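*Asks:* Before I ask anything, let me first share the structure, which is written out below as structure tokens.
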Amino acid sequence: MKKILLAFVILGLATGTSAIAAEKLQADNAASKLARGATNIATCWGEYITQVPASVEKSPDYMTALFYHVLRGTVFTVRRAAVGVYDVVSFPFPGNNCYGPVIEPETIFTPTVEVLSN
């Protein structure tokens, strides 16, 4: 029973994070900075998926693309996780960009939301 409850809690957190990320976050307050940071921490692994087209496009063959993708995906995953931790830790303070995103796109869902909203 505890395993099933834990699975539902994890599923609920993942769904809630995705719902927050699917909305266009406004960079005008501390809550949006905190939400963006939590979303980036929870979904940083998605960089492995979003970096596939760039890896294949920049490589001469598929074997090179595989190794390049693993390296590129790891670098972008670590970067997004680090920016997420920075946003969560520093959310009460406006900083240089006044609660705005540190990297673009601000979440891995932002390009998908922009395509679907047009």
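Ordering of the structure tokens sets the chain letters (A, B, ...); residue numbers start at 1 within each chain; ligands are numbered from 1 in the order shown.
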Run DSSP on the backbone and tell me which residues of region 40-79 of chain A come out as alpha helix (DSSP H); list them as an MDAnalysis selection string.
*Replies:* chainID A and resid 40:42 47:50 52:57 62:79
*Asks:* Compile the contact shell of Glu47 (chain A) as a compact mmCIF listing (two decimals) with C-alpha atoms, in the first residue's frame: residues with an atom at most 7 Å away, counting only C-alpha atoms, same-chain residues fewer than 4 positions apart removed.
*Replies:*
```
# COMPACT_ATOMS: atom_id res chain seq x y z
CA GLN A 51 19.21 17.79 -27.84
CA GLY A 73 22.76 16.05 -23.32
CA PHE A 76 22.79 20.78 -21.05
CA THR A 77 21.21 18.66 -18.28
```
*Asks:* Quick one, how far is CA of Asp28 (chain A) from CA of Pro111 (chain A)?
*Replies:*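 Result for CA of Asp28 (chain A) versus CA of Pro111 (chain A): 20.1 Å, one decimal.
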*Asks:* A:Ala30, A:Ile108, A:Val56, A:Val85: which is nearest Cys44 (chain A), counting only C-alpha atoms?
*Replies:*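 Checking each of A:Ala30, A:Ile108, A:Val56, A:Val85 against Cys44 (chain A), counting only C-alpha atoms, the winner is A:Ile108.
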*Asks:* For Phe93 (chain A), find every residue with an atom within 10 Å (counting only C-alpha atoms), except residues of its own chain fewer than 3 positions away, and show them as a PyMOL selection string.
*Replies:* chain A and resi 29-30+33+87+89-90+96+98-99
*Asks:* Write out as JSON, numbers by chain the residues lying within 12 Å of Lys58 (chain A), counting only C-alpha atoms and excluding same-chain residues fewer than 5 positions away.
*Replies:* {"A": [51, 52, 53, 64, 65, 66, 67, 68, 69, 72]}
*Asks:* I need the residues from that last selection saved to file as an mmCIF file, in the first residue's frame (with C-alpha atoms), if you can.
*Replies:*
```cif
data_model
loop_
_atom_site.group_PDB
_atom_site.id
_atom_site.type_symbol
_atom_site.label_atom_id
_atom_site.label_comp_id
_atom_site.auth_asym_id
_atom_site.auth_seq_id
_atom_site.Cartn_x
_atom_site.Cartn_y
_atom_site.Cartn_z
ATOM 1 C CA GLN A 51 19.207 17.788 -27.839
ATOM 2 C CA VAL A 52 18.732 14.846 -30.232
ATOM 3 C CA PRO A 53 18.001 16.947 -33.374
ATOM 4 C CA THR A 64 29.315 10.061 -33.852
ATOM 5 C CA ALA A 65 25.889 11.585 -33.224
ATOM 6 C CA LEU A 66 25.275 9.081 -30.425
ATOM 7 C CA PHE A 67 28.461 9.998 -28.567
ATOM 8 C CA TYR A 68 27.990 13.689 -29.295
ATOM 9 C CA HIS A 69 24.409 13.463 -28.048
ATOM 10 C CA ARG A 72 25.737 17.404 -25.279
#
```
*Asks:* Which residue gives the smallest distance to Ala81 (chain A) among A:Pro60, A:Gly95, A:Ile103, A:Ile41, with only C-alpha atoms counted?
*Replies:* A:Ile41
*Asks:* To one decimal in Å, tell me the separation between CA of Tyr86 (chain A) and CA of Leu71 (chain A).
*Replies:*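 Between CA of Tyr86 (chain A) and CA of Leu71 (chain A) the gap is 22.6 Å.
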*Asks:* As an exercise, work out the distance from CA of Ala38 (chain A) to CA of Arg80 (chain A) in Å and give it to one decimal place.
*Replies:*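 Atom-to-atom, CA of Ala38 (chain A) to CA of Arg80 (chain A), that is 10.7 Å.
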*Asks:* When distances are computed from only C-alpha atoms, which of A:Val102, A:Ile4, A:Leu116, A:Met63 shows the smallest separation from Arg79 (chain A)?
*Replies:*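 For Arg79 (chain A), the nearest of the given residues is A:Val102.
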